[in-house]
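To be precise, the following lines are my_file_39.pdb, and they hold PDB, C-alpha atoms and all ligand atoms.
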ATOM      1  CA  MET N  10     -33.780  -3.310  29.979
ATOM      2  CA  ARG N  11     -34.121   0.107  31.589
ATOM      3  CA  VAL N  12     -36.152   3.019  30.233
ATOM      4  CA  ASP N  13     -34.836   6.556  30.734
ATOM      5  CA  VAL N  14     -37.460   9.044  31.922
ATOM      6  CA  LEU N  15     -35.915  12.522  32.149
ATOM      7  CA  GLY N  16     -32.634  11.278  33.576
ATOM      8  CA  VAL N  17     -33.836   8.435  35.804
ATOM      9  CA  SER N  18     -33.793   4.934  34.352
ATOM     10  CA  PHE N  19     -36.646   2.623  35.285
ATOM     11  CA  ASP N  20     -36.936  -1.145  35.086
ATOM     12  CA  ASN N  21     -39.702  -1.876  32.594
ATOM     13  CA  LEU N  22     -41.496  -4.564  34.598
ATOM     14  CA  THR N  23     -44.977  -5.475  35.778
ATOM     15  CA  LEU N  24     -45.620  -5.774  39.521
ATOM     16  CA  ASP N  25     -45.100  -9.580  39.447
ATOM     17  CA  GLU N  26     -41.941  -9.278  37.341
ATOM     18  CA  ALA N  27     -40.537  -6.667  39.720
ATOM     19  CA  VAL N  28     -41.182  -8.963  42.704
ATOM     20  CA  ASP N  29     -39.483 -11.855  40.837
ATOM     21  CA  LYS N  30     -36.461  -9.657  40.226
ATOM     22  CA  ALA N  31     -36.336  -8.589  43.891
ATOM     23  CA  VAL N  32     -36.490 -12.244  44.946
ATOM     24  CA  ARG N  33     -33.523 -13.015  42.656
ATOM     25  CA  LEU N  34     -31.588 -10.104  44.181
ATOM     26  CA  LEU N  35     -32.414 -11.432  47.623
ATOM     27  CA  GLU N  36     -30.928 -14.817  46.763
ATOM     28  CA  GLU N  37     -27.584 -13.273  45.680
ATOM     29  CA  ASP N  38     -25.018 -13.050  48.446
ATOM     30  CA  ARG N  39     -24.345  -9.298  48.284
ATOM     31  CA  PRO N  40     -26.196  -6.092  49.226
ATOM     32  CA  HIS N  41     -28.659  -4.568  46.769
ATOM     33  CA  MET N  42     -30.519  -1.295  46.698
ATOM     34  CA  MET N  43     -33.931  -0.664  45.226
ATOM     35  CA  ALA N  44     -35.872   2.577  44.664
ATOM     36  CA  THR N  45     -39.581   3.273  44.170
ATOM     37  CA  ALA N  46     -39.292   6.467  42.157
ATOM     38  CA  ASN N  47     -41.986   9.072  41.504
ATOM     39  CA  PRO N  48     -42.040  12.373  39.544
ATOM     40  CA  GLU N  49     -40.855  14.371  42.561
ATOM     41  CA  MET N  50     -37.776  12.162  42.714
ATOM     42  CA  ILE N  51     -37.095  12.693  38.991
ATOM     43  CA  GLN N  52     -37.218  16.448  39.622
ATOM     44  CA  LYS N  53     -34.912  16.125  42.633
ATOM     45  CA  ALA N  54     -32.415  13.939  40.735
ATOM     46  CA  ALA N  55     -32.180  16.586  37.997
ATOM     47  CA  LYS N  56     -30.842  19.029  40.602
ATOM     48  CA  ASP N  57     -28.888  16.662  42.844
ATOM     49  CA  PRO N  58     -26.186  14.688  40.962
ATOM     50  CA  GLN N  59     -25.402  12.538  44.004
ATOM     51  CA  PHE N  60     -29.038  11.437  44.202
ATOM     52  CA  ALA N  61     -29.089  10.852  40.417
ATOM     53  CA  LYS N  62     -26.039   8.586  40.742
ATOM     54  CA  VAL N  63     -27.586   6.607  43.592
ATOM     55  CA  LEU N  64     -30.706   5.995  41.458
ATOM     56  CA  HIS N  65     -28.550   5.135  38.441
ATOM     57  CA  ASP N  66     -26.578   2.581  40.470
ATOM     58  CA  ALA N  67     -29.676   1.053  42.113
ATOM     59  CA  ASP N  68     -30.268  -2.622  41.290
ATOM     60  CA  LEU N  69     -33.993  -2.113  40.727
ATOM     61  CA  VAL N  70     -35.996   1.089  40.106
ATOM     62  CA  ILE N  71     -39.784   0.840  39.818
ATOM     63  CA  PRO N  72     -42.198   3.559  38.646
ATOM     64  CA  ASP N  73     -44.275   4.528  41.672
ATOM     65  CA  GLY N  74     -46.486   7.335  40.403
ATOM     66  CA  ILE N  75     -48.820   7.794  37.462
ATOM     67  CA  GLY N  76     -46.797  10.864  36.364
ATOM     68  CA  VAL N  77     -43.836   8.611  35.512
ATOM     69  CA  ILE N  78     -46.081   6.469  33.305
ATOM     70  CA  TYR N  79     -47.498   9.518  31.481
ATOM     71  CA  ALA N  80     -44.029  11.053  31.030
ATOM     72  CA  ALA N  81     -42.666   7.776  29.604
ATOM     73  CA  ARG N  82     -45.606   7.604  27.196
ATOM     74  CA  ILE N  83     -45.069  11.198  26.054
ATOM     75  CA  LEU N  84     -41.371  10.384  25.519
ATOM     76  CA  GLY N  85     -42.414   7.507  23.233
ATOM     77  CA  ARG N  86     -40.892   4.923  25.580
ATOM     78  CA  PRO N  87     -43.952   3.558  27.397
ATOM     79  CA  LEU N  88     -43.460   1.533  30.573
ATOM     80  CA  LYS N  89     -45.482  -1.676  31.068
ATOM     81  CA  SER N  90     -47.247  -0.512  34.206
ATOM     82  CA  ARG N  91     -47.135   1.547  37.342
ATOM     83  CA  VAL N  92     -45.760  -0.446  40.264
ATOM     84  CA  PRO N  93     -46.928   1.182  43.516
ATOM     85  CA  GLY N  94     -44.342   0.709  46.274
ATOM     86  CA  VAL N  95     -47.001  -0.381  48.794
ATOM     87  CA  ASP N  96     -48.332  -3.111  46.427
ATOM     88  CA  PHE N  97     -44.806  -4.242  45.613
ATOM     89  CA  ALA N  98     -43.943  -4.459  49.315
ATOM     90  CA  ALA N  99     -47.114  -6.493  50.030
ATOM     91  CA  LYS N 100     -46.202  -9.142  47.416
ATOM     92  CA  LEU N 101     -42.603  -9.278  48.556
ATOM     93  CA  MET N 102     -43.756  -9.793  52.160
ATOM     94  CA  ASP N 103     -45.917 -12.759  51.052
ATOM     95  CA  TYR N 104     -42.773 -14.301  49.573
ATOM     96  CA  MET N 105     -40.745 -13.469  52.681
ATOM     97  CA  ALA N 106     -43.358 -14.974  55.019
ATOM     98  CA  ALA N 107     -43.402 -18.187  52.987
ATOM     99  CA  ASN N 108     -39.605 -18.423  52.861
ATOM    100  CA  GLY N 109     -38.544 -17.364  56.357
ATOM    101  CA  LYS N 110     -36.854 -14.130  55.273
ATOM    102  CA  ARG N 111     -36.257 -11.482  57.916
ATOM    103  CA  LEU N 112     -37.620  -7.934  57.533
ATOM    104  CA  TYR N 113     -36.427  -4.793  59.343
ATOM    105  CA  LEU N 114     -38.584  -1.651  59.342
ATOM    106  CA  LEU N 115     -36.638   1.613  59.476
ATOM    107  CA  GLY N 116     -38.248   5.037  59.461
ATOM    108  CA  ALA N 117     -41.233   7.241  60.317
ATOM    109  CA  LYS N 118     -42.066   8.859  63.640
ATOM    110  CA  PRO N 119     -41.431   6.959  66.924
ATOM    111  CA  GLY N 120     -44.027   4.214  67.427
ATOM    112  CA  VAL N 121     -45.134   4.026  63.777
ATOM    113  CA  ALA N 122     -42.787   1.198  62.703
ATOM    114  CA  GLU N 123     -43.923  -0.907  65.715
ATOM    115  CA  ASP N 124     -47.598  -0.407  64.787
ATOM    116  CA  ALA N 125     -46.772  -1.168  61.145
ATOM    117  CA  ALA N 126     -45.020  -4.387  62.267
ATOM    118  CA  LYS N 127     -48.138  -5.561  64.160
ATOM    119  CA  SER N 128     -50.472  -4.898  61.282
ATOM    120  CA  LEU N 129     -48.089  -6.421  58.688
ATOM    121  CA  GLN N 130     -47.742  -9.592  60.764
ATOM    122  CA  ALA N 131     -51.534  -9.854  60.888
ATOM    123  CA  GLN N 132     -51.790  -9.345  57.119
ATOM    124  CA  HIS N 133     -48.926 -11.704  56.206
ATOM    125  CA  PRO N 134     -49.070 -14.668  58.613
ATOM    126  CA  GLY N 135     -45.609 -16.013  59.386
ATOM    127  CA  LEU N 136     -43.850 -12.786  58.424
ATOM    128  CA  LEU N 137     -40.673 -12.457  60.468
ATOM    129  CA  ILE N 138     -40.098  -8.837  61.469
ATOM    130  CA  CYS N 139     -36.685  -8.882  63.099
ATOM    131  CA  GLY N 140     -36.568  -5.254  64.254
ATOM    132  CA  THR N 141     -37.832  -1.685  63.959
ATOM    133  CA  HIS N 142     -36.334   1.777  64.397
ATOM    134  CA  ASP N 143     -37.809   5.246  63.941
ATOM    135  CA  GLY N 144     -36.446   7.570  61.278
ATOM    136  CA  TYR N 145     -35.478  10.514  63.454
ATOM    137  CA  PHE N 146     -31.988   9.382  64.492
ATOM    138  CA  GLN N 147     -28.838  11.501  64.350
ATOM    139  CA  GLU N 148     -26.164   8.791  64.535
ATOM    140  CA  ASP N 149     -26.005   6.166  61.810
ATOM    141  CA  ALA N 150     -23.716   3.680  63.590
ATOM    142  CA  PRO N 151     -26.170   2.407  66.250
ATOM    143  CA  VAL N 152     -28.891   1.942  63.618
ATOM    144  CA  ILE N 153     -26.533   0.047  61.308
ATOM    145  CA  ALA N 154     -25.434  -2.139  64.245
ATOM    146  CA  ALA N 155     -29.070  -2.853  65.206
ATOM    147  CA  ILE N 156     -29.931  -3.987  61.661
ATOM    148  CA  ARG N 157     -26.792  -6.132  61.497
ATOM    149  CA  GLU N 158     -27.551  -7.757  64.865
ATOM    150  CA  ALA N 159     -31.140  -8.423  63.807
ATOM    151  CA  LYS N 160     -29.752 -10.381  60.806
ATOM    152  CA  ALA N 161     -32.161  -8.686  58.446
ATOM    153  CA  ASP N 162     -32.482  -9.967  54.869
ATOM    154  CA  VAL N 163     -34.587  -7.001  53.734
ATOM    155  CA  VAL N 164     -34.822  -3.448  55.119
ATOM    156  CA  PHE N 165     -37.675  -1.093  54.275
ATOM    157  CA  VAL N 166     -35.917   2.289  54.483
ATOM    158  CA  CYS N 167     -38.658   4.888  54.984
ATOM    159  CA  LEU N 168     -36.883   8.173  55.711
ATOM    160  CA  GLY N 169     -38.298  10.213  52.805
ATOM    161  CA  PHE N 170     -36.336  10.819  49.606
ATOM    162  CA  PRO N 171     -33.493  11.505  48.868
ATOM    163  CA  ARG N 172     -32.245  10.638  52.344
ATOM    164  CA  GLN N 173     -33.544   7.067  52.275
ATOM    165  CA  GLU N 174     -31.899   6.186  48.942
ATOM    166  CA  LYS N 175     -28.629   7.876  49.910
ATOM    167  CA  TRP N 176     -28.697   6.125  53.280
ATOM    168  CA  ALA N 177     -29.331   2.726  51.703
ATOM    169  CA  ALA N 178     -26.553   3.248  49.151
ATOM    170  CA  ALA N 179     -24.064   4.455  51.752
ATOM    171  CA  HIS N 180     -24.791   1.914  54.496
ATOM    172  CA  GLY N 181     -26.419  -1.069  52.778
ATOM    173  CA  ALA N 182     -23.283  -3.203  52.855
ATOM    174  CA  GLU N 183     -22.575  -2.409  56.536
ATOM    175  CA  THR N 184     -26.055  -3.581  57.579
ATOM    176  CA  GLY N 185     -25.417  -7.080  56.206
ATOM    177  CA  ALA N 186     -28.886  -7.083  54.567
ATOM    178  CA  ARG N 187     -29.308  -8.329  50.998
ATOM    179  CA  LEU N 188     -31.952  -5.844  49.864
ATOM    180  CA  LEU N 189     -32.645  -2.289  51.053
ATOM    181  CA  ILE N 190     -35.757  -0.659  49.616
ATOM    182  CA  GLY N 191     -36.595   3.042  49.766
ATOM    183  CA  LEU N 192     -40.314   3.139  50.543
ATOM    184  CA  GLY N 193     -41.132   6.732  51.530
ATOM    185  CA  GLY N 194     -44.273   7.065  53.614
ATOM    186  CA  SER N 195     -45.274   3.370  53.445
ATOM    187  CA  LEU N 196     -44.851   2.705  57.167
ATOM    188  CA  ASP N 197     -47.467   5.385  57.857
ATOM    189  CA  VAL N 198     -49.818   3.515  55.501
ATOM    190  CA  PHE N 199     -49.030   0.076  56.999
ATOM    191  CA  ALA N 200     -49.549   1.482  60.512
ATOM    192  CA  GLY N 201     -52.929   2.924  59.493
ATOM    193  CA  ARG N 202     -51.776   6.516  60.178
ATOM    194  CA  VAL N 203     -52.402   7.460  56.525
ATOM    195  CA  GLN N 204     -55.177   5.940  54.399
ATOM    196  CA  ARG N 205     -54.549   4.773  50.852
ATOM    197  CA  ALA N 206     -56.820   6.054  48.107
ATOM    198  CA  PRO N 207     -59.929   3.929  47.398
ATOM    199  CA  GLU N 208     -59.241   1.272  44.740
ATOM    200  CA  ILE N 209     -61.282   3.065  42.101
ATOM    201  CA  MET N 210     -59.104   6.161  42.466
ATOM    202  CA  GLN N 211     -55.955   4.012  42.290
ATOM    203  CA  LYS N 212     -57.235   2.396  39.072
ATOM    204  CA  LEU N 213     -58.017   5.798  37.563
ATOM    205  CA  GLY N 214     -54.508   7.032  38.389
ATOM    206  CA  LEU N 215     -55.880   9.548  40.888
ATOM    207  CA  GLU N 216     -53.987   8.409  43.984
ATOM    208  CA  TRP N 217     -52.176  11.773  44.007
ATOM    209  CA  LEU N 218     -55.531  13.607  44.265
ATOM    210  CA  PHE N 219     -56.557  11.570  47.290
ATOM    211  CA  ARG N 220     -53.181  12.260  48.889
ATOM    212  CA  LEU N 221     -53.664  15.971  48.342
ATOM    213  CA  TYR N 222     -57.116  15.739  49.925
ATOM    214  CA  GLN N 223     -55.570  14.012  52.972
ATOM    215  CA  GLU N 224     -52.555  16.305  53.214
ATOM    216  CA  PRO N 225     -53.478  19.686  51.656
ATOM    217  CA  SER N 226     -50.103  21.104  52.738
ATOM    218  CA  ARG N 227     -48.595  19.082  49.875
ATOM    219  CA  ILE N 228     -50.095  21.491  47.340
ATOM    220  CA  GLY N 229     -46.806  23.391  46.948
ATOM    221  CA  ARG N 230     -44.814  20.201  46.306
ATOM    222  CA  MET N 231     -47.441  18.819  43.972
ATOM    223  CA  ALA N 232     -47.977  21.961  41.928
ATOM    224  CA  ARG N 233     -44.606  21.369  40.274
ATOM    225  CA  LEU N 234     -45.480  17.859  39.151
ATOM    226  CA  PRO N 235     -47.221  18.634  35.832
ATOM    227  CA  LEU N 236     -43.915  20.215  34.852
ATOM    228  CA  ILE N 237     -42.401  16.821  34.128
ATOM    229  CA  LEU N 238     -45.068  16.223  31.471
ATOM    230  CA  PHE N 239     -44.046  19.457  29.726
ATOM    231  CA  GLN N 240     -40.395  18.494  30.101
ATOM    232  CA  ALA N 241     -41.165  15.099  28.561
ATOM    233  CA  ALA N 242     -42.979  16.781  25.649
ATOM    234  CA  GLY N 243     -40.018  19.153  25.175
ATOM    235  CA  ALA N 244     -37.524  16.286  25.223
ATOM    236  CA  ARG N 245     -39.627  14.365  22.687
ATOM    237  CA  ILE N 246     -39.791  17.359  20.343
ATOM    238  CA  GLN N 247     -36.011  17.752  20.590
ATOM    239  CA  GLY N 248     -35.656  14.057  19.801
ATOM    240  CA  LYS N 249     -33.972  13.149  23.131
TER     241      LYS N 249
HETATM  242  N1  LIG P 301     -39.209  10.603  57.865
HETATM  243  C1  LIG P 301     -38.268  10.034  58.707
HETATM  244  N2  LIG P 301     -37.188  10.770  59.075
HETATM  245  C2  LIG P 301     -37.013  12.061  58.675
HETATM  246  C3  LIG P 301     -37.975  12.624  57.793
HETATM  247  C4  LIG P 301     -39.065  11.855  57.407
HETATM  248  O1  LIG P 301     -38.393   8.881  59.090
HETATM  249  O2  LIG P 301     -36.007  12.656  59.053
HETATM  250  C5  LIG P 301     -40.350   9.796  57.482
HETATM  251  C6  LIG P 301     -41.706  10.454  57.689
HETATM  252  O3  LIG P 301     -42.107  10.309  59.044
HETATM  253  C7  LIG P 301     -42.554   9.661  56.726
HETATM  254  C8  LIG P 301     -41.572   9.326  55.590
HETATM  255  O4  LIG P 301     -40.279   9.544  56.124
HETATM  256  O5  LIG P 301     -42.981   8.465  57.328
HETATM  257  C9  LIG P 301     -41.696  10.200  54.370
HETATM  258  O6  LIG P 301     -42.978  10.297  54.011
HETATM  259  P1  LIG P 301     -43.460  11.120  52.762
HETATM  260  O7  LIG P 301     -44.890  10.787  52.610
HETATM  261  O8  LIG P 301     -43.038  12.549  52.842
HETATM  262  O9  LIG P 301     -42.556  10.440  51.671
HETATM  263  P2  LIG P 301     -42.700  10.179  50.157
HETATM  264  O10 LIG P 301     -43.458   8.878  50.081
HETATM  265  O11 LIG P 301     -43.371  11.351  49.526
HETATM  266  O12 LIG P 301     -41.245  10.039  49.822
END
Can you dump the structure from the file as structure tokens?
Amino acid sequence: MRVDVLGVSFDNLTLDEAVDKAVRLLEEDRPHMMATANPEMIQKAAKDPQFAKVLHDADLVIPDGIGVIYAARILGRPLKSRVPGVDFAAKLMDYMAANGKRLYLLGAKPGVAEDAAKSLQAQHPGLLICGTHDGYFQEDAPVIAAIREAKADVVFVCLGFPRQEKWAAAHGAETGARLLIGLGGSLDVFAGRVQRAPEIMQKLGLEWLFRLYQEPSRIGRMARLPLILFQAAGARIQGK
């Protein structure tokens, strides 16, 4: 069952349940698309109907951001838990390593995906990374062909939203992969270019504050985020 949070519907699953669902999608012989959606993406979807449709049609949408959890609570439709994209990806890679599934890393600046691949293979022994490509390409066709030739089962599409979700929806089938996952800046984290918040801050729901401390230029983007809590309160009052 999906829970609507200001126009984006989320799967109401714990981290383990979300990984189980992804594994089921991976076993089905057709392409699937998955999104890790945060409050900024909800705000974008409200203004971009094409992006909203891509999220609506996605096979799995997980709440990656404490703001989504708060908004859902204010709406009176609480979600079970936050499912950070990086944690989700880590569990899925354990499954992939144990089951011989092939992972392709697409996105980030040149060199980052290669560094991410090395560190992920060290963290998940046996993980089969079948290819990498940076996210600053102009032509789609060669990238699609590279993923197809690599026989990828899963692609982490890390081009920033909404491009990554639109790209996965438009080209997923052509790549031959079973599961394409929009994962934002995760390759920068896996490659060690960006640090994740200390665990205590993650537990307290303060990952956003740590991110702001690391990248102060995000202040403009982030200043709009509390707005979704007001929007959620407004929608609740209007009985939506
Ligand atoms: N990126 C990319 N191609 C582009 C623009 C961005 O590959 O044309 C990458 C960028 O290098 C970064 C990721 O997409 O690794 C987006 O990171 P950000 O932290 O902005 O994403 P969020 O997690 O907020 O969606």
Polymer residues at most 7 Å from region 79-92 of chain N, only C-alpha atoms, same-chain spacing of 4 or more positions, as a PyMOL selection string: chain N and resi 12+14+21-24+71-75+97+237-238+241-242+245
Any chance you could export the current selection's C-alpha atoms as a CSV table (one decimal), in the frame of the given file?
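For reference, again_39.csv as written:
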chain,number,residue,atom,x,y,z
N,12,VAL,CA,-36.2,3.0,30.2
N,14,VAL,CA,-37.5,9.0,31.9
N,21,ASN,CA,-39.7,-1.9,32.6
N,22,LEU,CA,-41.5,-4.6,34.6
N,23,THR,CA,-45.0,-5.5,35.8
N,24,LEU,CA,-45.6,-5.8,39.5
N,71,ILE,CA,-39.8,0.8,39.8
N,72,PRO,CA,-42.2,3.6,38.6
N,73,ASP,CA,-44.3,4.5,41.7
N,74,GLY,CA,-46.5,7.3,40.4
N,75,ILE,CA,-48.8,7.8,37.5
N,97,PHE,CA,-44.8,-4.2,45.6
N,237,ILE,CA,-42.4,16.8,34.1
N,238,LEU,CA,-45.1,16.2,31.5
N,241,ALA,CA,-41.2,15.1,28.6
N,242,ALA,CA,-43.0,16.8,25.6
N,245,ARG,CA,-39.6,14.4,22.7
Could you give me the centre and size, in Å to one decimal, of an axis-aligned box around all listed atoms of ligand LIG 301 (chain P) with 8 Å added on every side, as AutoDock Vina command-line options?
--center_x -40.4 --center_y 10.6 --center_z 54.3 --size_x 24.9 --size_y 20.2 --size_z 25.6
Going by the chain IDs and residue numbers used in this file, which residues fall under the PyMOL selection byres (((not hetatm)) within 7 of (chain P and resi 301))? Write them as a list in words.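 Taken over the shown coordinates, the PyMOL selection byres (((not hetatm)) within 7 of (chain P and resi 301)) returns Gly116, Ala117, Lys118, Asp143, Gly144, Tyr145, Cys167, Leu168, Gly169, Phe170, Leu192, Gly193, Gly194, Ser195, Leu196 and Asp197 of chain N.
Note that CA of Leu15 (chain N) and CA of Ala178 (chain N) are 21.5 Å apart.
Using all atoms listed in the file, the nearest neighbour of Val203 (chain N) within the list N:Met105, N:Ala182, N:Ala232, N:Ala125 is N:Ala125.
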For Asp103 (chain N), which of N:Gly135, N:Pro48, N:Gly120, N:Gly201 is the closest residue, counting all atoms listed in the file?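 Closest to Asp103 (chain N), using all atoms listed in the file: N:Gly135.
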Which residues fall under the PyMOL selection byres (((chain N and resi 42-45) around 7) and not hetatm) in this file, as a PDB file with C-alpha atoms, in the frame of the given file?
ATOM      1  CA  PRO N  40     -26.196  -6.092  49.226  1.00  0.00           C
ATOM      2  CA  HIS N  41     -28.659  -4.568  46.769  1.00  0.00           C
ATOM      3  CA  ALA N  46     -39.292   6.467  42.157  1.00  0.00           C
ATOM      4  CA  ASN N  47     -41.986   9.072  41.504  1.00  0.00           C
ATOM      5  CA  LEU N  64     -30.706   5.995  41.458  1.00  0.00           C
ATOM      6  CA  ALA N  67     -29.676   1.053  42.113  1.00  0.00           C
ATOM      7  CA  ASP N  68     -30.268  -2.622  41.290  1.00  0.00           C
ATOM      8  CA  LEU N  69     -33.993  -2.113  40.727  1.00  0.00           C
ATOM      9  CA  VAL N  70     -35.996   1.089  40.106  1.00  0.00           C
ATOM     10  CA  ILE N  71     -39.784   0.840  39.818  1.00  0.00           C
ATOM     11  CA  PRO N  72     -42.198   3.559  38.646  1.00  0.00           C
ATOM     12  CA  ASP N  73     -44.275   4.528  41.672  1.00  0.00           C
ATOM     13  CA  GLY N  94     -44.342   0.709  46.274  1.00  0.00           C
ATOM     14  CA  GLU N 174     -31.899   6.186  48.942  1.00  0.00           C
ATOM     15  CA  ALA N 177     -29.331   2.726  51.703  1.00  0.00           C
ATOM     16  CA  ALA N 178     -26.553   3.248  49.151  1.00  0.00           C
ATOM     17  CA  LEU N 188     -31.952  -5.844  49.864  1.00  0.00           C
ATOM     18  CA  LEU N 189     -32.645  -2.289  51.053  1.00  0.00           C
ATOM     19  CA  ILE N 190     -35.757  -0.659  49.616  1.00  0.00           C
ATOM     20  CA  GLY N 191     -36.595   3.042  49.766  1.00  0.00           C
ATOM     21  CA  LEU N 192     -40.314   3.139  50.543  1.00  0.00           C
TER      22      LEU N 192
END
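Nearest to Asp162 (chain N) of all the residues N:Asp38, N:Glu26, N:Glu208, N:Asp96 is N:Asp38, based on all atoms listed in the file.
Taking CA of Arg220 (chain N) and CA of Leu129 (chain N) as the two end points, the separation is 21.7 Å.
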Quick check, in Å to one decimal: how far apart do CA of Val28 (chain N) and CA of Leu101 (chain N) lie? 6.0 Å
I'd like the contact shell of Ala126 (chain N) - 10 Å cut-off, only C-alpha atoms, skipping same-chain residues fewer than 6 positions apart - returned as a ChimeraX atom specification. /N:112-114,132,136-141,196,199-200
Find, counting only C-alpha atoms, the residue in N:Pro93, N:Gln147, N:Asp124, N:Gly248 that gets nearest to Lys212 (chain N). N:Pro93
Given the choices N:Arg230, N:His142, N:Arg157, N:Lys175, which gets closest to Val63 (chain N) if the distance is worked out from only C-alpha atoms?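 Closest residue, counting only C-alpha atoms: N:Lys175.
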Hey, which of N:Val164, N:Val95, N:Ile209, N:Leu236 ends up closest to Lys110 (chain N)? Count all atoms listed in the file. N:Val164
If you count all atoms listed in the file, which residues fall within 8 Å of Glu216 (chain N), apart from same-chain ones fewer than 4 positions away, as a CSV table (one decimal) with C-alpha atoms, in the frame of the given file?
chain,number,residue,atom,x,y,z
N,205,ARG,CA,-54.5,4.8,50.9
N,206,ALA,CA,-56.8,6.1,48.1
N,210,MET,CA,-59.1,6.2,42.5
N,211,GLN,CA,-56.0,4.0,42.3
N,220,ARG,CA,-53.2,12.3,48.9
Taking the file above as input, evaluate the PyMOL selection byres (((chain N and resi 186) around 6) and not hetatm) and report the hits as an mmCIF file with C-alpha atoms, in the frame of the given file.
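In the end it all went to out23.cif:
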data_model
loop_
_atom_site.group_PDB
_atom_site.id
_atom_site.type_symbol
_atom_site.label_atom_id
_atom_site.label_comp_id
_atom_site.auth_asym_id
_atom_site.auth_seq_id
_atom_site.Cartn_x
_atom_site.Cartn_y
_atom_site.Cartn_z
ATOM 1 C CA ALA N 161 -32.161 -8.686 58.446
ATOM 2 C CA ASP N 162 -32.482 -9.967 54.869
ATOM 3 C CA VAL N 163 -34.587 -7.001 53.734
ATOM 4 C CA THR N 184 -26.055 -3.581 57.579
ATOM 5 C CA GLY N 185 -25.417 -7.080 56.206
ATOM 6 C CA ARG N 187 -29.308 -8.329 50.998
ATOM 7 C CA LEU N 188 -31.952 -5.844 49.864
#
